[in-house]
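Engineer: mmCIF, C-alpha atoms, saved as coords13.cif, coming up:
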data_final
#
loop_
_atom_site.label_atom_id
_atom_site.label_comp_id
_atom_site.auth_asym_id
_atom_site.auth_seq_id
_atom_site.Cartn_x
_atom_site.Cartn_y
_atom_site.Cartn_z
CA MET A 131 -16.57 -15.33 -8.32
CA SER A 132 -16.95 -16.41 -4.71
CA ASP A 133 -18.83 -14.36 -2.14
CA ASP A 134 -15.50 -13.81 -0.36
CA SER A 135 -14.35 -11.50 -3.13
CA ASN A 136 -17.15 -9.05 -2.49
CA VAL A 137 -18.10 -7.48 0.79
CA SER A 138 -21.56 -6.45 1.89
CA ARG A 139 -22.01 -2.68 1.90
CA ARG A 140 -22.75 -2.56 5.61
CA ARG A 141 -19.67 -4.60 6.54
CA PHE A 142 -17.48 -2.73 4.06
CA LEU A 143 -18.49 0.73 5.24
CA GLY A 144 -18.08 -0.37 8.82
CA THR A 145 -14.55 -1.59 8.15
CA VAL A 146 -13.30 1.50 6.35
CA ALA A 147 -14.96 3.81 8.84
CA VAL A 148 -13.01 2.51 11.82
CA ALA A 149 -9.88 4.51 11.09
CA GLY A 150 -12.04 7.62 10.78
CA ALA A 151 -13.59 6.90 14.15
CA VAL A 152 -10.15 6.65 15.69
CA TYR A 153 -9.00 10.10 14.64
CA ALA A 154 -12.42 11.68 15.13
CA ALA A 155 -12.55 10.55 18.74
CA ALA A 156 -10.02 13.23 19.57
CA CYS A 157 -12.33 15.96 18.28
CA SER A 158 -15.56 17.29 19.74
CA LYS A 159 -18.75 16.01 18.14
CA SER A 160 -19.45 19.36 16.49
CA GLN A 161 -15.98 19.42 14.91
CA GLN A 162 -15.76 15.88 13.55
CA SER A 163 -16.75 16.79 10.02
CA GLN A 164 -13.96 19.38 9.65
CA GLU A 165 -11.13 18.53 12.06
CA TRP A 166 -8.87 15.59 12.73
CA ALA A 167 -6.21 14.63 15.20
CA GLU A 168 -2.72 15.61 14.10
CA LYS A 169 -1.22 13.72 17.02
CA ALA A 170 -2.14 10.39 18.56
CA SER A 171 -3.90 10.41 21.91
CA ASP A 172 -1.62 10.28 24.93
CA GLY A 173 -1.23 6.96 26.65
CA ARG A 174 1.22 4.27 27.53
CA ALA A 175 4.68 4.40 26.03
CA LEU A 176 5.12 2.30 22.91
CA LYS A 177 8.41 0.80 21.77
CA ALA A 178 8.77 -0.10 18.10
CA GLY A 179 11.14 -2.20 16.06
CA LEU A 180 11.83 -1.43 12.41
CA ILE A 181 12.31 -4.25 9.87
CA GLY A 182 13.64 -2.92 6.57
CA CYS A 183 15.79 0.19 6.91
CA GLY A 184 15.63 1.58 3.37
CA GLY A 185 14.07 4.90 2.44
CA ARG A 186 10.46 3.87 3.04
CA GLY A 187 11.29 2.06 6.27
CA THR A 188 13.21 5.05 7.59
CA GLY A 189 10.32 7.31 6.60
CA ALA A 190 7.84 5.06 8.41
CA ALA A 191 9.99 5.12 11.54
CA LEU A 192 10.20 8.92 11.52
CA ASP A 193 6.45 9.22 10.89
CA PHE A 194 5.80 6.87 13.81
CA LEU A 195 7.98 9.00 16.11
CA ALA A 196 6.23 12.18 14.97
CA ALA A 197 2.74 10.73 15.51
CA GLY A 198 2.63 11.48 19.24
CA THR A 199 4.43 11.48 22.57
CA GLY A 200 5.92 8.50 24.36
CA LEU A 201 6.97 6.74 21.16
CA SER A 202 10.39 5.24 20.54
CA ILE A 203 12.31 3.10 18.06
CA VAL A 204 14.43 0.63 20.04
CA ALA A 205 15.40 -2.07 17.50
CA LEU A 206 16.47 -2.15 13.86
CA GLY A 207 16.84 -4.97 11.36
CA ASP A 208 17.98 -5.13 7.74
CA VAL A 209 19.81 -7.48 5.41
CA PHE A 210 22.51 -4.86 4.82
CA GLN A 211 24.67 -3.03 7.35
CA ASP A 212 24.84 0.21 5.33
CA ARG A 213 21.06 0.50 5.16
CA LEU A 214 20.77 -0.09 8.90
CA ASP A 215 23.48 2.49 9.62
CA SER A 216 21.74 5.10 7.47
CA ALA A 217 18.39 4.59 9.19
CA ARG A 218 20.02 4.56 12.61
CA GLN A 219 21.71 7.89 11.96
CA LYS A 220 18.47 9.58 10.85
CA ILE A 221 16.51 8.19 13.80
CA GLU A 222 19.18 9.13 16.33
CA GLU A 223 19.17 12.67 14.92
CA LYS A 224 15.63 12.83 16.33
CA GLY A 225 16.94 12.12 19.82
CA GLN A 226 16.44 8.36 19.78
CA LYS A 227 19.34 6.25 21.01
CA ILE A 228 19.40 2.68 19.70
CA ALA A 229 21.64 0.21 21.49
CA ASP A 230 24.23 -1.72 19.50
CA ASP A 231 22.78 -5.03 20.69
CA LYS A 232 19.38 -4.05 19.24
CA CYS A 233 20.73 -3.61 15.70
CA PHE A 234 20.49 -6.79 13.63
CA VAL A 235 21.82 -7.60 10.16
CA GLY A 236 20.94 -10.55 7.94
CA PHE A 237 17.93 -12.37 6.55
CA ASP A 238 17.02 -13.49 10.09
CA ALA A 239 17.16 -9.93 11.45
CA TYR A 240 13.36 -9.65 11.31
CA GLN A 241 12.92 -12.39 13.91
CA LYS A 242 15.51 -10.81 16.20
CA VAL A 243 13.70 -7.48 16.01
CA ILE A 244 10.37 -9.16 16.79
CA ASN A 245 11.93 -10.98 19.74
CA SER A 246 13.20 -7.71 21.19
CA ASP A 247 11.30 -5.99 23.97
CA ILE A 248 8.91 -4.11 21.67
CA ASP A 249 5.19 -3.45 21.42
CA VAL A 250 4.97 -2.55 17.75
CA VAL A 251 6.55 -3.84 14.52
CA LEU A 252 7.13 -1.53 11.56
CA THR A 253 7.94 -3.55 8.44
CA ALA A 254 8.96 -2.02 5.12
CA THR A 255 11.14 -4.63 3.44
CA PRO A 256 10.67 -5.52 -0.24
CA PRO A 257 7.11 -6.89 -0.56
CA HIS A 258 8.33 -10.43 -1.32
CA PHE A 259 9.16 -10.81 2.38
CA ARG A 260 5.93 -9.32 3.74
CA PRO A 261 3.90 -12.53 4.31
CA GLN A 262 6.75 -14.16 6.27
CA HIS A 263 7.38 -11.12 8.45
CA PHE A 264 3.67 -10.47 9.05
CA ALA A 265 3.12 -14.06 10.18
CA ALA A 266 6.06 -13.88 12.61
CA ALA A 267 4.89 -10.57 14.08
CA VAL A 268 1.34 -11.81 14.63
CA GLU A 269 2.61 -15.05 16.13
CA ALA A 270 4.53 -12.92 18.64
CA GLY A 271 1.43 -10.84 19.42
CA LYS A 272 2.78 -7.52 18.10
CA HIS A 273 0.77 -4.68 16.65
CA ILE A 274 1.89 -4.13 13.07
CA PHE A 275 2.41 -1.37 10.56
CA MET A 276 3.37 -2.94 7.23
CA GLU A 277 3.82 -1.21 3.94
CA LYS A 278 1.82 -2.02 0.86
CA PRO A 279 1.64 -4.14 -1.22
CA VAL A 280 1.30 -7.03 1.19
CA ALA A 281 2.52 -9.76 -1.20
CA VAL A 282 3.70 -10.34 -4.78
CA ASP A 283 1.87 -13.58 -5.65
CA PRO A 284 -1.29 -15.58 -4.87
CA VAL A 285 0.51 -17.87 -2.38
CA GLY A 286 1.58 -14.78 -0.44
CA ILE A 287 -1.94 -13.32 -0.55
CA ARG A 288 -3.45 -16.46 0.95
CA SER A 289 -0.81 -16.33 3.70
CA ILE A 290 -1.66 -12.70 4.44
CA LEU A 291 -5.40 -13.45 4.63
CA ASP A 292 -4.77 -16.35 7.01
CA THR A 293 -2.50 -14.24 9.22
CA ALA A 294 -4.99 -11.35 9.14
CA SER A 295 -7.63 -13.65 10.62
CA LYS A 296 -5.22 -14.68 13.38
CA ALA A 297 -4.45 -11.02 14.10
CA LYS A 298 -8.16 -10.35 14.56
CA THR A 299 -8.51 -13.13 17.14
CA LYS A 300 -5.62 -11.55 19.06
CA ASN A 301 -7.14 -8.04 18.84
CA LEU A 302 -4.03 -6.71 17.11
CA VAL A 303 -3.96 -3.42 15.23
CA VAL A 304 -2.76 -3.76 11.62
CA VAL A 305 -2.19 -0.73 9.38
CA THR A 306 -1.00 -1.38 5.84
CA GLY A 307 0.43 1.73 4.20
CA THR A 308 -2.64 2.64 2.15
CA GLN A 309 -2.46 6.19 3.45
CA ARG A 310 -5.23 7.50 1.20
CA ARG A 311 -7.70 5.74 3.51
CA HIS A 312 -6.37 8.00 6.29
CA GLU A 313 -6.43 11.29 4.37
CA PRO A 314 -9.22 13.66 5.49
CA SER A 315 -9.85 14.67 1.88
CA TYR A 316 -10.50 11.09 0.76
CA LYS A 317 -12.58 10.22 3.80
CA GLN A 318 -14.75 13.30 3.37
CA ALA A 319 -15.12 12.60 -0.35
CA PHE A 320 -16.06 8.99 0.43
CA GLU A 321 -18.70 10.13 2.93
CA ARG A 322 -20.24 12.57 0.47
CA ILE A 323 -20.22 10.14 -2.45
CA SER A 324 -21.70 7.40 -0.25
CA ASN A 325 -24.50 9.84 0.56
CA GLY A 326 -25.28 10.44 -3.12
CA ALA A 327 -23.14 13.46 -4.03
CA ILE A 328 -22.60 12.17 -7.58
CA GLY A 329 -25.66 9.94 -7.81
CA GLU A 330 -25.16 6.25 -8.49
CA ILE A 331 -21.53 5.34 -9.18
CA VAL A 332 -21.17 4.13 -12.76
CA THR A 333 -17.44 3.50 -13.13
CA ALA A 334 -13.97 4.37 -11.85
CA ARG A 335 -10.76 5.35 -13.64
CA VAL A 336 -7.52 5.01 -11.70
CA TYR A 337 -4.06 6.12 -12.83
CA TRP A 338 -0.45 6.18 -11.71
CA ASN A 339 1.56 7.52 -14.65
CA GLN A 340 4.96 8.99 -13.76
CA GLY A 341 8.60 9.06 -14.83
CA GLN A 342 11.16 6.31 -14.50
CA LEU A 343 11.75 5.06 -10.97
CA TRP A 344 15.16 4.49 -9.37
CA TYR A 345 17.35 1.48 -10.11
CA LYS A 346 20.65 -0.04 -8.98
CA GLU A 347 23.29 -1.17 -11.45
CA ARG A 348 25.04 -4.33 -10.29
CA LEU A 349 28.36 -3.57 -8.58
CA GLU A 350 31.41 -5.78 -8.63
CA GLY A 351 31.32 -8.24 -5.76
CA TRP A 352 27.54 -8.29 -5.40
CA THR A 353 26.02 -11.75 -5.40
CA ASP A 354 22.82 -12.47 -7.29
CA MET A 355 20.81 -12.16 -4.11
CA GLU A 356 22.39 -8.88 -3.06
CA TRP A 357 21.61 -7.28 -6.40
CA LEU A 358 18.08 -8.70 -6.37
CA VAL A 359 17.33 -7.24 -2.94
CA ARG A 360 19.09 -3.90 -3.45
CA ASP A 361 17.43 -3.39 -6.86
CA TRP A 362 14.17 -4.90 -5.62
CA VAL A 363 11.79 -2.32 -7.10
CA ASN A 364 12.67 -3.52 -10.64
CA TRP A 365 12.18 -7.27 -10.14
CA VAL A 366 8.80 -9.00 -10.27
CA SER A 367 9.73 -11.52 -7.57
CA MET A 368 10.61 -8.74 -5.10
CA SER A 369 8.07 -5.99 -5.89
CA GLY A 370 5.33 -7.70 -7.90
CA ASP A 371 5.95 -5.22 -10.78
CA HIS A 372 4.94 -1.58 -10.45
CA ILE A 373 1.25 -2.30 -11.03
CA VAL A 374 1.42 -4.17 -7.71
CA GLU A 375 4.05 -2.18 -5.82
CA GLN A 376 2.84 1.33 -6.66
CA HIS A 377 -0.45 1.31 -8.57
CA VAL A 378 -2.05 -0.72 -5.75
CA HIS A 379 -2.78 2.66 -4.10
CA ASN A 380 -5.12 3.72 -6.90
CA LEU A 381 -6.65 0.28 -7.32
CA ASP A 382 -7.37 0.22 -3.59
CA VAL A 383 -9.19 3.55 -3.83
CA GLY A 384 -11.22 2.35 -6.82
CA CYS A 385 -12.33 -0.82 -5.04
CA TRP A 386 -13.01 1.14 -1.85
CA PHE A 387 -15.33 3.64 -3.54
CA LEU A 388 -16.97 1.05 -5.80
CA ASN A 389 -17.43 -1.20 -2.75
CA GLU A 390 -16.43 -4.36 -4.61
CA TYR A 391 -13.49 -6.31 -5.97
CA PRO A 392 -13.26 -7.47 -9.61
CA THR A 393 -14.43 -10.73 -11.06
CA LYS A 394 -12.29 -10.51 -14.21
CA ALA A 395 -9.38 -8.56 -15.68
CA VAL A 396 -8.25 -8.08 -19.28
CA GLY A 397 -5.18 -5.98 -19.98
CA PHE A 398 -1.95 -5.37 -21.78
CA GLY A 399 1.42 -3.79 -21.14
CA GLY A 400 5.02 -3.87 -22.21
CA ARG A 401 8.63 -3.00 -21.63
CA ALA A 402 10.17 -0.10 -23.54
CA ARG A 403 12.85 1.68 -21.52
CA ARG A 404 13.51 -0.15 -18.26
CA VAL A 405 17.22 -0.41 -17.42
CA THR A 406 17.36 -3.30 -14.95
CA GLY A 407 15.13 -6.12 -13.74
CA ASP A 408 12.39 -8.05 -15.52
CA GLN A 409 9.33 -5.80 -15.21
CA TYR A 410 7.10 -3.95 -17.64
CA ASP A 411 7.18 -0.16 -18.06
CA PHE A 412 3.42 0.24 -18.55
CA PHE A 413 0.08 -1.50 -18.01
CA THR A 414 -3.53 -0.80 -18.83
CA VAL A 415 -6.21 -3.09 -17.43
CA ASP A 416 -10.00 -3.23 -17.65
CA TYR A 417 -11.54 -4.72 -14.50
CA GLU A 418 -15.08 -6.08 -14.53
CA MET A 419 -16.94 -5.94 -11.22
CA PRO A 420 -19.66 -8.24 -9.83
CA SER A 421 -22.18 -5.42 -10.36
CA GLY A 422 -21.31 -5.26 -14.07
CA ARG A 423 -19.51 -1.94 -13.64
CA HIS A 424 -15.94 -1.51 -14.87
CA MET A 425 -12.78 0.05 -13.43
CA GLN A 426 -10.23 1.29 -15.94
CA SER A 427 -6.64 1.12 -14.69
CA MET A 428 -3.49 2.62 -16.18
CA CYS A 429 0.08 2.90 -14.88
CA ARG A 430 3.40 3.82 -16.48
CA GLN A 431 6.98 4.60 -15.40
CA ILE A 432 8.66 6.30 -18.38
CA ASP A 433 10.28 9.75 -18.54
CA GLY A 434 8.96 12.34 -20.96
CA CYS A 435 5.33 11.18 -21.02
CA ALA A 436 2.05 12.66 -19.82
CA ASN A 437 1.76 12.08 -16.07
CA ASP A 438 -1.30 11.65 -13.89
CA VAL A 439 -1.59 10.11 -10.41
CA ALA A 440 -5.27 10.26 -9.55
CA GLU A 441 -8.60 8.52 -9.21
CA TYR A 442 -11.81 9.50 -10.99
CA ILE A 443 -15.14 8.24 -9.67
CA ILE A 444 -17.94 8.81 -12.18
CA GLY A 445 -21.61 8.87 -11.21
CA THR A 446 -24.94 9.53 -12.83
CA ASN A 447 -25.03 13.12 -11.49
CA GLY A 448 -21.39 14.11 -11.45
CA TRP A 449 -17.86 12.88 -10.80
CA ALA A 450 -14.99 13.14 -8.33
CA HIS A 451 -11.32 13.82 -9.03
CA MET A 452 -8.99 12.80 -6.20
CA GLN A 453 -5.22 13.02 -5.81
CA GLY A 454 -3.16 11.79 -2.89
CA GLY A 455 -1.73 14.69 -0.93
CA LYS A 456 -3.50 17.17 -3.21
CA ASP A 457 -6.96 18.59 -3.79
CA CYS A 458 -10.07 16.42 -3.98
CA VAL A 459 -12.92 17.88 -6.01
CA ILE A 460 -16.50 16.77 -6.65
CA TYR A 461 -18.06 18.14 -9.84
CA LYS A 462 -21.69 18.49 -10.79
CA LYS A 463 -22.95 17.01 -14.04
CA ASP A 464 -22.51 20.37 -15.79
CA GLY A 465 -18.85 20.54 -14.79
CA THR A 466 -19.15 23.14 -12.02
CA ILE A 467 -17.59 22.40 -8.64
CA ALA A 468 -19.99 21.03 -6.02
CA TRP A 469 -17.37 20.54 -3.28
CA SER A 470 -13.61 20.70 -2.91
CA PHE A 471 -11.05 19.96 -0.25
CA LYS A 472 -7.76 21.85 -0.26
CA ALA A 473 -5.16 19.33 0.87
CA THR A 474 -2.55 21.64 2.38
CA LEU A 475 0.33 19.71 3.88
CA ASP A 476 2.47 20.55 6.91
CA GLU A 477 4.87 22.70 4.95
CA ALA A 478 2.13 24.95 3.54
CA GLY A 479 -0.17 27.34 5.33
CA GLU A 480 -3.11 27.74 2.97
CA THR A 481 -6.48 26.49 4.19
CA ASN A 482 -10.13 26.70 3.19
CA PRO A 483 -13.46 26.21 5.00
CA ASP A 484 -13.30 22.44 4.58
CA ALA A 485 -9.74 22.36 5.90
CA PRO A 486 -9.69 24.73 8.92
CA LYS A 487 -6.37 23.30 10.09
CA LYS A 488 -3.24 22.35 8.20
CA VAL A 489 -3.53 18.83 6.87
CA THR A 490 -0.84 16.63 8.31
CA ASN A 491 1.05 14.48 5.84
CA PRO A 492 -1.06 11.34 5.26
CA TYR A 493 2.01 9.16 5.81
CA ARG A 494 1.99 10.52 9.34
CA LEU A 495 -1.78 10.40 9.77
CA GLU A 496 -1.81 6.63 9.29
CA HIS A 497 0.59 6.37 12.23
CA VAL A 498 -1.57 8.74 14.27
CA ASP A 499 -4.51 6.39 13.70
CA PHE A 500 -2.28 3.39 14.37
CA VAL A 501 -0.95 4.63 17.72
CA THR A 502 -4.34 5.94 18.85
CA SER A 503 -5.95 2.58 18.12
CA VAL A 504 -3.28 0.67 20.03
CA ARG A 505 -3.51 2.98 23.04
CA ASN A 506 -7.30 3.07 23.14
CA ALA A 507 -7.62 -0.71 22.63
CA THR A 508 -9.89 -0.14 19.61
CA PRO A 509 -8.22 -2.48 17.12
CA PHE A 510 -8.79 -2.24 13.41
CA ASN A 511 -7.21 -4.45 10.80
CA GLU A 512 -6.52 -3.29 7.24
CA ALA A 513 -4.71 -6.45 6.13
CA GLU A 514 -7.72 -8.13 4.49
CA ASN A 515 -8.73 -5.08 2.43
CA THR A 516 -5.16 -4.47 1.31
CA ALA A 517 -4.65 -8.15 0.49
CA LYS A 518 -7.67 -8.02 -1.81
CA SER A 519 -6.48 -4.78 -3.42
CA THR A 520 -3.05 -6.34 -3.88
CA LEU A 521 -4.66 -9.41 -5.48
CA THR A 522 -6.54 -7.05 -7.80
CA ALA A 523 -3.17 -5.70 -8.94
CA ILE A 524 -1.69 -9.20 -9.31
CA MET A 525 -4.73 -10.17 -11.36
CA GLY A 526 -4.11 -7.23 -13.70
CA ARG A 527 -0.43 -8.07 -13.98
CA GLU A 528 -1.12 -11.64 -14.96
CA ALA A 529 -3.76 -10.54 -17.49
CA ALA A 530 -1.20 -8.28 -19.16
CA TYR A 531 1.64 -10.83 -18.99
CA THR A 532 -0.45 -13.59 -20.58
CA GLY A 533 -2.95 -11.69 -22.75
CA ARG A 534 -5.72 -13.79 -21.19
CA ALA A 535 -8.83 -12.85 -19.27
CA VAL A 536 -7.96 -13.67 -15.66
CA THR A 537 -10.72 -14.28 -13.10
CA TRP A 538 -10.71 -13.59 -9.38
CA ASP A 539 -11.38 -17.22 -8.48
CA GLU A 540 -8.57 -18.36 -10.76
CA ILE A 541 -5.95 -16.00 -9.34
CA MET A 542 -7.05 -16.57 -5.74
CA LYS A 543 -6.49 -20.32 -6.14
CA ALA A 544 -3.31 -20.14 -8.24
CA ASP A 545 -0.20 -21.86 -6.91
CA THR A 546 2.14 -19.15 -8.26
CA ARG A 547 4.97 -18.31 -5.89
CA LEU A 548 7.65 -15.89 -7.08
CA GLY A 549 11.28 -15.57 -6.08
CA PRO A 550 13.80 -17.44 -3.96
CA THR A 551 12.90 -19.98 -1.31
CA GLU A 552 16.27 -19.92 0.43
CA TYR A 553 17.70 -16.70 1.79
CA ALA A 554 21.44 -16.11 1.77
CA LEU A 555 23.76 -13.72 -0.04
CA GLY A 556 24.61 -16.11 -2.84
CA PRO A 557 22.99 -17.42 -6.03
CA ALA A 558 19.40 -16.33 -6.75
CA PRO A 559 16.89 -16.50 -9.63
CA ILE A 560 17.72 -13.29 -11.56
CA GLU A 561 17.32 -14.40 -15.17
CA VAL A 562 15.84 -11.52 -17.15
CA LYS A 563 12.91 -13.21 -18.85
CA ILE A 564 10.28 -10.72 -19.95
CA ALA A 565 6.69 -11.93 -20.17
CA VAL A 566 5.32 -12.09 -23.73
CA PRO A 567 1.53 -12.38 -24.06
CA GLY A 568 -0.36 -14.64 -26.43
CA LYS A 569 1.32 -16.89 -28.94
CA ALA A 570 3.31 -16.41 -32.11
CA LYS A 571 1.51 -16.37 -35.43
CA GLU A 572 1.47 -19.78 -37.07
CA PRO A 573 3.53 -19.90 -40.29
CA GLN A 574 1.39 -19.63 -43.40
CA GLN A 575 1.20 -22.63 -45.67
CA SER A 576 2.50 -21.93 -49.13
#
Represent the structure contained in this file as structure tokens.
Structural biologist:
Amino acid sequence: MSDDSNVSRRRFLGTVAVAGAVYAAACSKSQQSQEWAEKASDGRALKAGLIGCGGRGTGAALDFLAAGTGLSIVALGDVFQDRLDSARQKIEEKGQKIADDKCFVGFDAYQKVINSDIDVVLTATPPHFRPQHFAAAVEAGKHIFMEKPVAVDPVGIRSILDTASKAKTKNLVVVTGTQRRHEPSYKQAFERISNGAIGEIVTARVYWNQGQLWYKERLEGWTDMEWLVRDWVNWVSMSGDHIVEQHVHNLDVGCWFLNEYPTKAVGFGGRARRVTGDQYDFFTVDYEMPSGRHMQSMCRQIDGCANDVAEYIIGTNGWAHMQGGKDCVIYKKDGTIAWSFKATLDEAGETNPDAPKKVTNPYRLEHVDFVTSVRNATPFNEAENTAKSTLTAIMGREAAYTGRAVTWDEIMKADTRLGPTEYALGPAPIEVKIAVPGKAKEPQQS
């Protein structure tokens, strides 16, 4: 494994601490350990354009608007008119008026949004399109919020890493939808564990096991491409499979706390109940780290099974149990609680000594950090970390699909590029061909 796949502890801690410094700047020095900014610092007005008007894109736009004052959405872009109209209605219900000539439909809508008079790009299209849209936004000098994962294949990852470097030279702020890195509970747990709260970290276990996700049956009149994009979360070429699209959150936390990215992955998975697309329903992957430690990964999307969405960090003197949007707990070796953080969201009122204020939804907190960083000219760039976490997920996917041990160097250099290369509402590669690992048993000689 190359040195690029691991990050020195000093550099790594410095990188992940930046977002914490952004929100902590709004608090007095004596309060920094227990309070956080629920709104971005005041400053110049910021105009944003949204690329990708589905549910997650609409949510990102509303979270951006709620992150502070002087924020507006002035341009929208999507492949489909109905998705744009839905997002526009929800945004305008918040008092935002979007001009007709700032609403763009089609595969080139992203460029029209970027070319509008905006300061900030919010992009939440299917992940297949992320490298292309990120590159265009950075080329135009825009600050960027882009959802995770940042790509679906190694070619896309290399593009993201290249664009991330360009964004740094332009002092652009890039936030990437890994909201756990912005949650006070996770940041406080990270600080305590880094300071020895569980002793030396031995291993990590990361899970995203839940019920079946949504899907779109093909309607009469839909072209291949329309179905592929509308049903994107079920197609490897659009989402990367759910180990990449969803489980990347947990893998990112594991790599963050372990302070390293894997050298090798061995795994397996399969398809049991999926209705559309060409993805697996479940994966389990063992990741080997440069230090010799292991990270055990598991994800599943099947109804009626045991569910768990959490990360477990195990040390020589205890362990931590963390859940996005929920409690984070550090246990002593004997199983008693050493520390806990009650993650009460906006809608709830319960607090505890470690959470003296209500905890704002982490989806909003990442926009608070984003806006504050832009206004204070203190840029931080999450694209590289998230690209490496996304590659970790791709590495696990390929290990399960093939049955082989897949190395970091191998996957980083691979020429795999998934999905269409031409974008129009017509024919597209939608053959349902499910990956089968290994090889068939050779016939026995009589």
Engineer: Grab the CA of Glu277 in chain A to CA of Ala517 in chain A distance for me, in Å with one decimal place.
Structural biologist: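 Distance reported for this atom pair: 11.5 Å.
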Engineer: Quick one: apply the PyMOL selection byres ((chain A and resi 413-422) around 6) to the file and drop the selected residues here as a VMD selection string.
Structural biologist: chain A and resid 392 to 399 412 423 to 429 526
Engineer: When the PyMOL selection byres ((chain A and resi 302) around 12) is applied to the structure above, which residues does it catch, written out as a PDB file with C-alpha atoms, in the frame of the given file?
Structural biologist:
ATOM      1  CA  ASP A 249       5.190  -3.450  21.420  1.00  0.00           C
ATOM      2  CA  VAL A 250       4.970  -2.550  17.750  1.00  0.00           C
ATOM      3  CA  VAL A 251       6.550  -3.840  14.520  1.00  0.00           C
ATOM      4  CA  PHE A 264       3.670 -10.470   9.050  1.00  0.00           C
ATOM      5  CA  ALA A 267       4.890 -10.570  14.080  1.00  0.00           C
ATOM      6  CA  VAL A 268       1.340 -11.810  14.630  1.00  0.00           C
ATOM      7  CA  GLU A 269       2.610 -15.050  16.130  1.00  0.00           C
ATOM      8  CA  ALA A 270       4.530 -12.920  18.640  1.00  0.00           C
ATOM      9  CA  GLY A 271       1.430 -10.840  19.420  1.00  0.00           C
ATOM     10  CA  LYS A 272       2.780  -7.520  18.100  1.00  0.00           C
ATOM     11  CA  HIS A 273       0.770  -4.680  16.650  1.00  0.00           C
ATOM     12  CA  ILE A 274       1.890  -4.130  13.070  1.00  0.00           C
ATOM     13  CA  PHE A 275       2.410  -1.370  10.560  1.00  0.00           C
ATOM     14  CA  THR A 293      -2.500 -14.240   9.220  1.00  0.00           C
ATOM     15  CA  ALA A 294      -4.990 -11.350   9.140  1.00  0.00           C
ATOM     16  CA  SER A 295      -7.630 -13.650  10.620  1.00  0.00           C
ATOM     17  CA  LYS A 296      -5.220 -14.680  13.380  1.00  0.00           C
ATOM     18  CA  ALA A 297      -4.450 -11.020  14.100  1.00  0.00           C
ATOM     19  CA  LYS A 298      -8.160 -10.350  14.560  1.00  0.00           C
ATOM     20  CA  THR A 299      -8.510 -13.130  17.140  1.00  0.00           C
ATOM     21  CA  LYS A 300      -5.620 -11.550  19.060  1.00  0.00           C
ATOM     22  CA  ASN A 301      -7.140  -8.040  18.840  1.00  0.00           C
ATOM     23  CA  VAL A 303      -3.960  -3.420  15.230  1.00  0.00           C
ATOM     24  CA  VAL A 304      -2.760  -3.760  11.620  1.00  0.00           C
ATOM     25  CA  VAL A 305      -2.190  -0.730   9.380  1.00  0.00           C
ATOM     26  CA  PHE A 500      -2.280   3.390  14.370  1.00  0.00           C
ATOM     27  CA  VAL A 501      -0.950   4.630  17.720  1.00  0.00           C
ATOM     28  CA  SER A 503      -5.950   2.580  18.120  1.00  0.00           C
ATOM     29  CA  VAL A 504      -3.280   0.670  20.030  1.00  0.00           C
ATOM     30  CA  ARG A 505      -3.510   2.980  23.040  1.00  0.00           C
ATOM     31  CA  ASN A 506      -7.300   3.070  23.140  1.00  0.00           C
ATOM     32  CA  ALA A 507      -7.620  -0.710  22.630  1.00  0.00           C
ATOM     33  CA  THR A 508      -9.890  -0.140  19.610  1.00  0.00           C
ATOM     34  CA  PRO A 509      -8.220  -2.480  17.120  1.00  0.00           C
ATOM     35  CA  PHE A 510      -8.790  -2.240  13.410  1.00  0.00           C
ATOM     36  CA  ASN A 511      -7.210  -4.450  10.800  1.00  0.00           C
ATOM     37  CA  GLU A 512      -6.520  -3.290   7.240  1.00  0.00           C
ATOM     38  CA  ALA A 513      -4.710  -6.450   6.130  1.00  0.00           C
TER      39      ALA A 513
END
Engineer: Which residues, protein or nucleic acid, reach to within 7 Å of (-2.0, 10.2, -3.4) in the file's coordinates when using only C-alpha atoms, and can you give that as a list in words?
Structural biologist: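 So the residues meeting the distance criterion are Arg310, Ala440, Gln453, Gly454 and Gly455 of chain A.
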Engineer: Would you give me, as a Markdown table, each residue of range 285-334 of chain A having an atom within 12 Å of an atom of range 545-566 of chain A, along with its shortest atom pair and that distance in Å to one decimal, using only C-alpha atoms and sorting by chain and residue number?
Structural biologist:
| residue | atom | partner | partner_atom | distance |
| --- | --- | --- | --- | --- |
| A:Val285 | CA | A:Arg547 | CA | 5.7 |
| A:Gly286 | CA | A:Arg547 | CA | 7.3 |
| A:Ile287 | CA | A:Arg547 | CA | 10.1 |
| A:Arg288 | CA | A:Asp545 | CA | 10.1 |
| A:Ser289 | CA | A:Arg547 | CA | 11.4 |
Engineer: Go ahead and dump the residues you just picked, C-alpha atoms, as a tab-separated table (two decimals), in the coordinates of the input.
Structural biologist:
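Ended up saving to part.tsv:
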chain	number	residue	atom	x	y	z
A	285	VAL	CA	0.51	-17.87	-2.38
A	286	GLY	CA	1.58	-14.78	-0.44
A	287	ILE	CA	-1.94	-13.32	-0.55
A	288	ARG	CA	-3.45	-16.46	0.95
A	289	SER	CA	-0.81	-16.33	3.70
Engineer: Can you tell me how far CA of Arg430 in chain A sits from CA of Tyr337 in chain A, in Å to one decimal?
Structural biologist: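 A separation of 8.6 Å between them.
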Engineer: Could you give me, as an MDAnalysis selection string, the residues within 10 Å of Glu356 in chain A, counting all atoms listed in the file and dropping anything in the same chain fewer than 2 positions from it?
Structural biologist: chainID A and resid 209:210 348:349 351:354 358:362 554:558
Engineer: With distances taken over only C-alpha atoms, which residue among A:Val204, A:Ala327, A:Thr490, A:Phe234 lies nearest Trp469 in chain A?
Structural biologist: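 Closest to Trp469 in chain A of all the choices is A:Ala327.
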